[in-house]
>>> print(open('protein-v9.cif').read())   # mmCIF, C-alpha atoms
data_model
loop_
_atom_site.label_atom_id
_atom_site.label_comp_id
_atom_site.auth_asym_id
_atom_site.auth_seq_id
_atom_site.Cartn_x
_atom_site.Cartn_y
_atom_site.Cartn_z
CA MET A 269 119.14 85.68 -89.02
CA THR A 270 117.94 84.88 -92.51
CA SER A 271 119.59 84.56 -95.86
CA PRO A 272 118.20 85.20 -99.35
CA GLY A 273 117.63 81.77 -100.73
CA HIS A 274 117.19 79.80 -103.92
CA GLN A 275 113.54 79.50 -104.95
CA ASP A 276 112.31 81.11 -101.71
CA LEU A 277 114.60 79.06 -99.50
CA VAL A 278 115.05 80.74 -96.10
CA VAL A 279 118.19 79.84 -94.14
CA THR A 280 118.27 80.52 -90.40
CA ARG A 281 120.26 79.41 -87.42
CA ALA A 282 118.93 76.18 -85.97
CA GLY A 283 118.23 75.11 -82.40
CA VAL A 284 118.68 71.75 -80.76
CA ASP A 285 115.05 70.81 -81.46
CA ASP A 286 115.51 71.64 -85.15
CA TRP A 287 118.56 69.41 -85.23
CA ALA A 288 116.56 66.37 -84.23
CA VAL A 289 115.15 66.46 -87.78
CA VAL A 290 118.64 66.75 -89.27
CA ALA A 291 119.88 63.86 -87.13
CA ARG A 292 117.11 61.70 -88.58
CA TRP A 293 118.24 62.64 -92.08
CA ALA A 294 121.79 61.65 -91.14
CA GLY A 295 120.53 58.34 -89.88
CA ASP A 296 118.65 57.72 -93.11
CA GLU A 297 121.92 58.31 -94.99
CA GLY A 298 123.54 55.51 -92.99
CA TRP A 299 125.78 57.81 -90.94
CA ASN A 300 124.67 56.21 -87.65
CA PRO A 301 124.55 59.41 -85.57
CA GLY A 302 124.99 59.14 -81.81
CA LEU A 303 121.73 59.40 -79.91
CA SER A 304 122.97 62.21 -77.65
CA ASP A 305 125.11 64.00 -80.24
CA PRO A 306 123.08 67.20 -80.82
CA ALA A 307 123.30 68.50 -77.25
CA CYS A 308 127.05 67.82 -77.20
CA PHE A 309 127.58 69.54 -80.54
CA PHE A 310 125.60 72.62 -79.55
CA ALA A 311 127.63 72.92 -76.34
CA GLN A 312 130.69 73.82 -78.41
CA ASP A 313 129.10 76.49 -80.62
CA PRO A 314 125.32 76.99 -80.40
CA GLU A 315 125.49 79.57 -83.22
CA GLY A 316 127.06 77.17 -85.71
CA PHE A 317 124.01 75.23 -86.97
CA PHE A 318 121.98 76.27 -90.00
CA ILE A 319 118.79 74.97 -91.56
CA GLY A 320 117.06 75.85 -94.82
CA ARG A 321 113.28 75.89 -95.09
CA LEU A 322 110.71 76.05 -97.87
CA ASP A 323 107.33 77.29 -96.68
CA GLY A 324 108.50 76.63 -93.12
CA GLU A 325 109.48 73.00 -93.79
CA PRO A 326 113.13 71.92 -93.20
CA VAL A 327 114.81 70.86 -96.43
CA SER A 328 118.57 71.45 -95.98
CA ALA A 329 121.22 71.76 -93.29
CA VAL A 330 124.89 72.54 -92.65
CA SER A 331 126.84 72.99 -89.42
CA VAL A 332 129.99 75.11 -89.13
CA VAL A 333 131.19 74.81 -85.54
CA THR A 334 133.96 77.17 -84.42
CA TYR A 335 136.87 76.33 -82.13
CA GLY A 336 138.59 79.49 -80.96
CA ASP A 337 139.82 82.10 -83.41
CA ASP A 338 141.61 79.85 -85.90
CA TYR A 339 139.62 76.70 -86.62
CA ALA A 340 136.11 75.57 -87.55
CA PHE A 341 134.62 72.28 -88.68
CA LEU A 342 131.86 71.76 -91.23
CA GLY A 343 129.41 68.87 -91.06
CA PHE A 344 125.84 67.72 -91.68
CA TYR A 345 125.80 68.94 -95.28
CA LEU A 346 122.40 67.48 -96.11
CA VAL A 347 119.45 68.11 -98.39
CA ARG A 348 116.20 66.20 -98.23
CA PRO A 349 116.41 63.55 -100.98
CA ASP A 350 113.28 64.65 -102.84
CA LEU A 351 114.59 68.22 -103.19
CA ARG A 352 118.18 67.65 -104.27
CA GLY A 353 119.66 69.22 -107.37
CA ARG A 354 117.80 72.52 -106.96
CA GLY A 355 120.51 74.62 -105.32
CA HIS A 356 119.14 74.48 -101.79
CA GLY A 357 122.23 72.81 -100.40
CA ARG A 358 124.59 75.32 -102.00
CA THR A 359 122.62 78.26 -100.63
CA THR A 360 122.64 76.79 -97.13
CA TRP A 361 126.36 76.00 -97.46
CA LYS A 362 127.27 79.60 -98.35
CA THR A 363 125.27 81.02 -95.46
CA ALA A 364 126.74 78.59 -92.94
CA LEU A 365 130.33 78.92 -94.16
CA ALA A 366 130.27 82.64 -93.51
CA HIS A 367 130.05 81.81 -89.81
CA ALA A 368 133.65 80.55 -89.95
CA GLY A 369 135.01 83.97 -90.90
CA ASP A 370 138.69 83.69 -91.80
CA ARG A 371 139.25 80.48 -89.83
CA THR A 372 140.63 77.35 -91.45
CA VAL A 373 137.70 74.98 -91.95
CA GLY A 374 137.90 71.19 -91.82
CA LEU A 375 135.42 68.53 -92.88
CA ASP A 376 135.11 64.79 -93.44
CA GLY A 377 133.82 64.42 -96.97
CA VAL A 378 132.09 61.39 -98.44
CA VAL A 379 133.58 60.16 -101.70
CA ALA A 380 130.72 61.46 -103.87
CA GLN A 381 131.22 65.05 -102.65
CA GLN A 382 135.00 65.34 -102.53
CA ASP A 383 135.37 66.96 -105.97
CA ASN A 384 132.76 69.55 -105.01
CA TYR A 385 134.64 70.29 -101.80
CA ARG A 386 137.87 70.79 -103.75
CA GLN A 387 136.10 73.37 -105.88
CA SER A 388 135.23 75.21 -102.65
CA GLY A 389 138.87 75.33 -101.55
CA PHE A 390 139.14 72.18 -99.45
CA GLU A 391 142.25 70.03 -99.91
CA PRO A 392 142.48 66.39 -98.76
CA ALA A 393 144.74 65.51 -95.85
CA HIS A 394 144.03 61.79 -95.42
CA ARG A 395 141.35 59.14 -95.76
CA THR A 396 139.30 57.78 -92.86
CA PHE A 397 137.55 54.40 -92.89
CA ARG A 398 134.65 53.33 -90.69
CA TYR A 399 135.22 49.86 -89.27
CA SER A 400 132.40 47.96 -87.66
CA GLY A 401 131.51 44.58 -86.23
CA VAL A 402 130.90 42.63 -83.04
CA VAL A 403 133.85 42.15 -80.69
CA PRO A 404 133.92 39.16 -78.32
CA ARG A 405 134.38 40.05 -74.66
CA THR A 406 138.01 40.07 -73.58
CA ALA A 407 139.78 40.71 -70.31
CA VAL A 408 140.02 44.39 -69.37
CA SER A 409 143.27 45.72 -67.96
CA GLY A 410 143.16 46.98 -64.39
CA ASP A 411 144.76 50.26 -65.43
CA VAL A 412 141.74 51.13 -67.60
CA ARG A 413 139.19 53.00 -65.53
CA PRO A 414 136.10 55.19 -65.97
CA VAL A 415 136.61 58.94 -66.16
CA ASP A 416 134.11 61.78 -66.37
CA ASP A 417 136.17 64.84 -65.38
CA ALA A 418 137.13 66.82 -68.48
CA ARG A 419 139.84 68.63 -66.53
CA LEU A 420 141.80 65.38 -66.26
CA LEU A 421 141.75 64.86 -70.03
CA ALA A 422 141.84 68.41 -71.42
CA ALA A 423 145.59 68.70 -72.03
CA TYR A 424 145.74 65.25 -73.61
CA ASP A 425 142.73 65.96 -75.81
CA ASN A 426 144.21 69.31 -76.89
CA ALA A 427 147.36 67.54 -78.07
CA CYS A 428 145.31 65.15 -80.23
CA HIS A 429 143.05 67.71 -81.94
CA PRO A 430 143.67 70.80 -84.10
CA ALA A 431 141.97 73.06 -81.52
CA ASP A 432 141.06 73.18 -77.83
CA ARG A 433 137.45 72.11 -77.15
CA PRO A 434 136.76 72.18 -73.40
CA ARG A 435 133.01 72.85 -73.66
CA PHE A 436 132.50 69.99 -76.06
CA LEU A 437 134.71 67.62 -74.08
CA GLU A 438 132.89 68.23 -70.81
CA ARG A 439 129.55 67.42 -72.41
CA TRP A 440 130.92 64.49 -74.44
CA LEU A 441 132.19 62.65 -71.37
CA THR A 442 128.94 62.88 -69.43
CA ALA A 443 126.16 62.80 -72.03
CA ASP A 444 123.38 60.26 -71.66
CA GLY A 445 124.67 56.82 -72.60
CA HIS A 446 128.29 57.92 -73.08
CA ARG A 447 130.96 55.92 -71.28
CA ALA A 448 134.53 57.28 -71.09
CA LEU A 449 137.58 55.23 -70.10
CA ALA A 450 141.15 56.34 -69.47
CA ARG A 451 144.36 54.34 -69.13
CA ILE A 452 146.60 55.35 -66.24
CA VAL A 453 150.05 53.74 -66.12
CA ASP A 454 152.36 54.57 -63.20
CA GLY A 455 150.20 57.58 -62.44
CA ARG A 456 150.40 58.92 -66.01
CA LEU A 457 147.54 59.24 -68.49
CA THR A 458 148.40 57.28 -71.64
CA GLY A 459 145.13 57.58 -73.51
CA TYR A 460 141.35 57.72 -73.34
CA GLY A 461 138.31 56.70 -75.32
CA VAL A 462 134.54 57.10 -75.37
CA ILE A 463 131.77 54.75 -76.48
CA ARG A 464 128.23 55.97 -77.05
CA PRO A 465 124.93 54.61 -78.38
CA GLY A 466 124.18 55.25 -82.04
CA ARG A 467 121.14 54.75 -84.19
CA ASP A 468 122.41 51.52 -85.77
CA ALA A 469 125.48 50.56 -83.72
CA LEU A 470 127.52 51.76 -80.78
CA ARG A 471 130.17 54.32 -81.72
CA ILE A 472 133.72 54.56 -80.36
CA GLY A 473 135.24 58.01 -80.59
CA PRO A 474 137.61 59.38 -79.76
CA LEU A 475 140.19 56.69 -79.20
CA PHE A 476 143.41 58.56 -78.38
CA ALA A 477 146.47 56.68 -77.08
CA ASP A 478 150.22 57.00 -76.75
CA THR A 479 150.95 53.56 -78.19
CA ALA A 480 149.26 50.62 -79.86
CA ALA A 481 149.37 48.77 -76.53
CA ASP A 482 147.55 51.65 -74.82
CA ALA A 483 144.98 51.74 -77.62
CA ARG A 484 144.46 47.97 -77.41
CA ALA A 485 143.84 48.14 -73.66
CA LEU A 486 141.34 50.97 -74.09
CA PHE A 487 139.63 49.30 -77.05
CA ALA A 488 139.15 46.11 -75.01
CA GLY A 489 137.57 48.14 -72.22
CA LEU A 490 135.26 50.00 -74.58
CA ALA A 491 134.31 46.78 -76.40
CA ALA A 492 133.41 45.24 -73.04
CA GLU A 493 130.92 48.09 -72.60
CA ALA A 494 129.32 47.03 -75.90
CA ASP A 495 128.56 43.61 -74.36
CA GLY A 496 128.28 41.81 -77.67
CA ARG A 497 126.49 44.56 -79.58
CA GLU A 498 127.78 45.89 -82.89
CA LEU A 499 130.19 48.80 -82.64
CA ALA A 500 131.86 51.13 -85.11
CA VAL A 501 134.97 53.31 -85.07
CA ASP A 502 136.30 55.80 -87.65
CA VAL A 503 139.99 55.10 -88.22
CA PRO A 504 142.42 57.49 -89.98
CA GLU A 505 144.20 55.52 -92.69
CA PRO A 506 147.71 56.96 -92.04
CA ASN A 507 147.73 55.43 -88.56
CA THR A 508 148.66 51.92 -89.64
CA ALA A 509 148.76 50.71 -86.03
CA ALA A 510 145.12 51.79 -85.65
CA VAL A 511 144.12 49.92 -88.80
CA ALA A 512 145.94 46.82 -87.58
CA LEU A 513 144.19 47.05 -84.20
CA VAL A 514 140.62 47.08 -85.53
CA GLU A 515 141.42 44.36 -88.05
CA GLU A 516 142.89 42.28 -85.24
CA TYR A 517 139.51 42.44 -83.53
CA GLY A 518 137.71 41.39 -86.71
CA LEU A 519 136.14 44.72 -87.65
CA THR A 520 135.67 45.40 -91.34
CA PRO A 521 135.51 48.68 -93.30
CA SER A 522 132.10 49.86 -94.46
CA PHE A 523 132.67 53.32 -95.98
CA GLU A 524 135.32 56.00 -96.34
CA THR A 525 135.60 59.74 -96.03
CA ALA A 526 138.41 62.21 -96.61
CA ARG A 527 139.58 64.73 -94.01
CA MET A 528 139.92 68.00 -95.89
CA TYR A 529 140.97 71.54 -94.91
CA THR A 530 140.83 74.99 -96.44
CA GLY A 531 144.19 76.02 -94.99
CA PRO A 532 146.80 75.30 -92.32
CA ILE A 533 145.88 73.81 -88.96
CA ARG A 534 147.59 73.65 -85.59
CA PRO A 535 149.95 70.65 -85.43
CA TYR A 536 148.56 67.78 -83.39
CA ALA A 537 149.65 64.25 -82.41
CA ALA A 538 148.08 62.38 -85.33
CA GLU A 539 149.95 59.22 -84.33
CA ARG A 540 147.84 59.11 -81.15
CA VAL A 541 144.53 59.22 -83.05
CA PHE A 542 143.39 55.60 -83.26
CA GLY A 543 139.76 56.62 -83.64
CA VAL A 544 138.27 59.96 -84.75
CA THR A 545 135.90 61.61 -82.26
CA THR A 546 133.11 62.23 -84.78
CA LEU A 547 132.90 62.86 -88.51
CA GLU A 548 130.50 65.76 -87.89
CA LEU A 549 132.71 67.85 -85.57
CA GLY A 550 136.19 66.45 -86.15
#
>>> encode(input="protein-v9.cif", output="structure tokens")
Amino acid sequence: MTSPGHQDLVVTRAGVDDWAVVARWAGDEGWNPGLSDPACFFAQDPEGFFIGRLDGEPVSAVSVVTYGDDYAFLGFYLVRPDLRGRGHGRTTWKTALAHAGDRTVGLDGVVAQQDNYRQSGFEPAHRTFRYSGVVPRTAVSGDVRPVDDARLLAAYDNACHPADRPRFLERWLTADGHRALARIVDGRLTGYGVIRPGRDALRIGPLFADTAADARALFAGLAAEADGRELAVDVPEPNTAAVALVEEYGLTPSFETARMYTGPIRPYAAERVFGVTTLELG
């Protein structure tokens, strides 16, 4: 699949190997991508990744990953720094966005691009702040335990996200370097979280929990996995309990994004979202 491009730009669907280049660009932008992210992302929608080339060389990228018939998420809107301002990003954007069809599309937009996203029909829902730092080791509750079976978490995850994502979840729990923990209280699941290696720091996401106490227990378990290394978590601003939790552990905000949508989304338990799964796929 190709698309007529700006100044001989050719936009095609990308493969996992292509995306290794895009992940490096994301790292250079300071986004701290997870080291195993591409394979997990492609598991959800292998047709949703697009790359623009000039004379065969990658210069631009956008992903538009679909979840069922009603929802898609846009990420990795990137253009190589030396070729910005020439329309390559916009051409790649238009080609990729067509993949969403008539689905509502979400994204997490950096501050500098939010006005441009509004012009494309995206409206802000809330701000998200990345908090990072080193967390001292603390005692881990006995009801926090490892989990790697997506079937045990699927219903809970569905309630905390605008769309079901079983293929992604299965890969996310078991990818190289990923460690997933769940809290089980009186035989009932009260939350789960995942920590994974990133380019510059470990990343926590998601962190979903019924209450602040559940989130605190899970966060302590995930922080213990970090073993004194720097970690980062993307916290939705409206969840004041989540903000209080990361500040309690001494994490500080480094940058912000805005969650934006082109239309209505399925209701989900936003109060349980103490940490966003990933800014690239929602």
>>> atom_distance(input="protein-v9.cif", atom1="CA of Tyr399 (chain A)", atom2="CA of Leu519 (chain A)")
5.5 Å
>>> residues_around(input="protein-v9.cif", residues="region 321-331 of chain A", least_positions_apart="3", cutoff="6 Å", atoms="all atoms listed in the file", output="list in words")
Leu277, Val278, Gly316, Phe317, Phe318, Leu342, Gly343, Phe344, Tyr345, Leu346, Val347, Arg348 and Gly357 of chain A
>>> resolve_selection(input="protein-v9.cif", expression="the PyMOL selection byres ((chain A and resi 457-462) around 8)", output="list in words")
Leu421, Tyr424, Leu441, His446, Arg447, Ala448, Leu449, Ala450, Arg451, Ile452, Val453, Gly455, Arg456, Ile463, Arg464, Ile472, Gly473, Pro474, Leu475, Phe476, Ala477, Asp478, Thr479, Asp482, Ala483, Leu486, Phe487 and Leu490 of chain A
>>> closest_residue(input="protein-v9.cif", among="A:Val284, A:Leu437, A:Cys428, A:Ala443", to="Arg534 (chain A)", atoms="only C-alpha atoms")
A:Cys428
>>> residues_near_point(input="protein-v9.cif", point="(132.0, 75.9, -102.2)", cutoff="10 Å", atoms="only C-alpha atoms", output="list in words")
Arg358, Thr359, Trp361, Lys362, Leu365, Asn384, Tyr385, Arg386, Gln387, Ser388, Gly389 and Phe390 of chain A
>>> atom_distance(input="protein-v9.cif", atom1="CA of Arg352 (chain A)", atom2="CA of Gly320 (chain A)")
12.6 Å
>>> resolve_selection(input="protein-v9.cif", expression="the PyMOL selection byres ((chain A and resi 418) around 8)", output="ChimeraX atom specification")
/A:416-417,419-422,434,437-438,441
>>> closest_residue(input="protein-v9.cif", among="A:Gly466, A:Pro349, A:Pro404, A:Gly374", to="Trp299 (chain A)", atoms="all atoms listed in the file")
A:Gly466
>>> resolve_selection(input="protein-v9.cif", expression="the PyMOL selection byres ((chain A and resi 510) around 12)", output="PyMOL selection string")
chain A and resi 396-399+475-484+487+501-509+511-517+519+538-544
>>> atom_distance(input="protein-v9.cif", atom1="CA of Arg433 (chain A)", atom2="CA of Gly336 (chain A)")
8.4 Å
>>> closest_residue(input="protein-v9.cif", among="A:Thr525, A:Thr530, A:Ser304, A:Thr406", to="Thr372 (chain A)", atoms="all atoms listed in the file")
A:Thr530
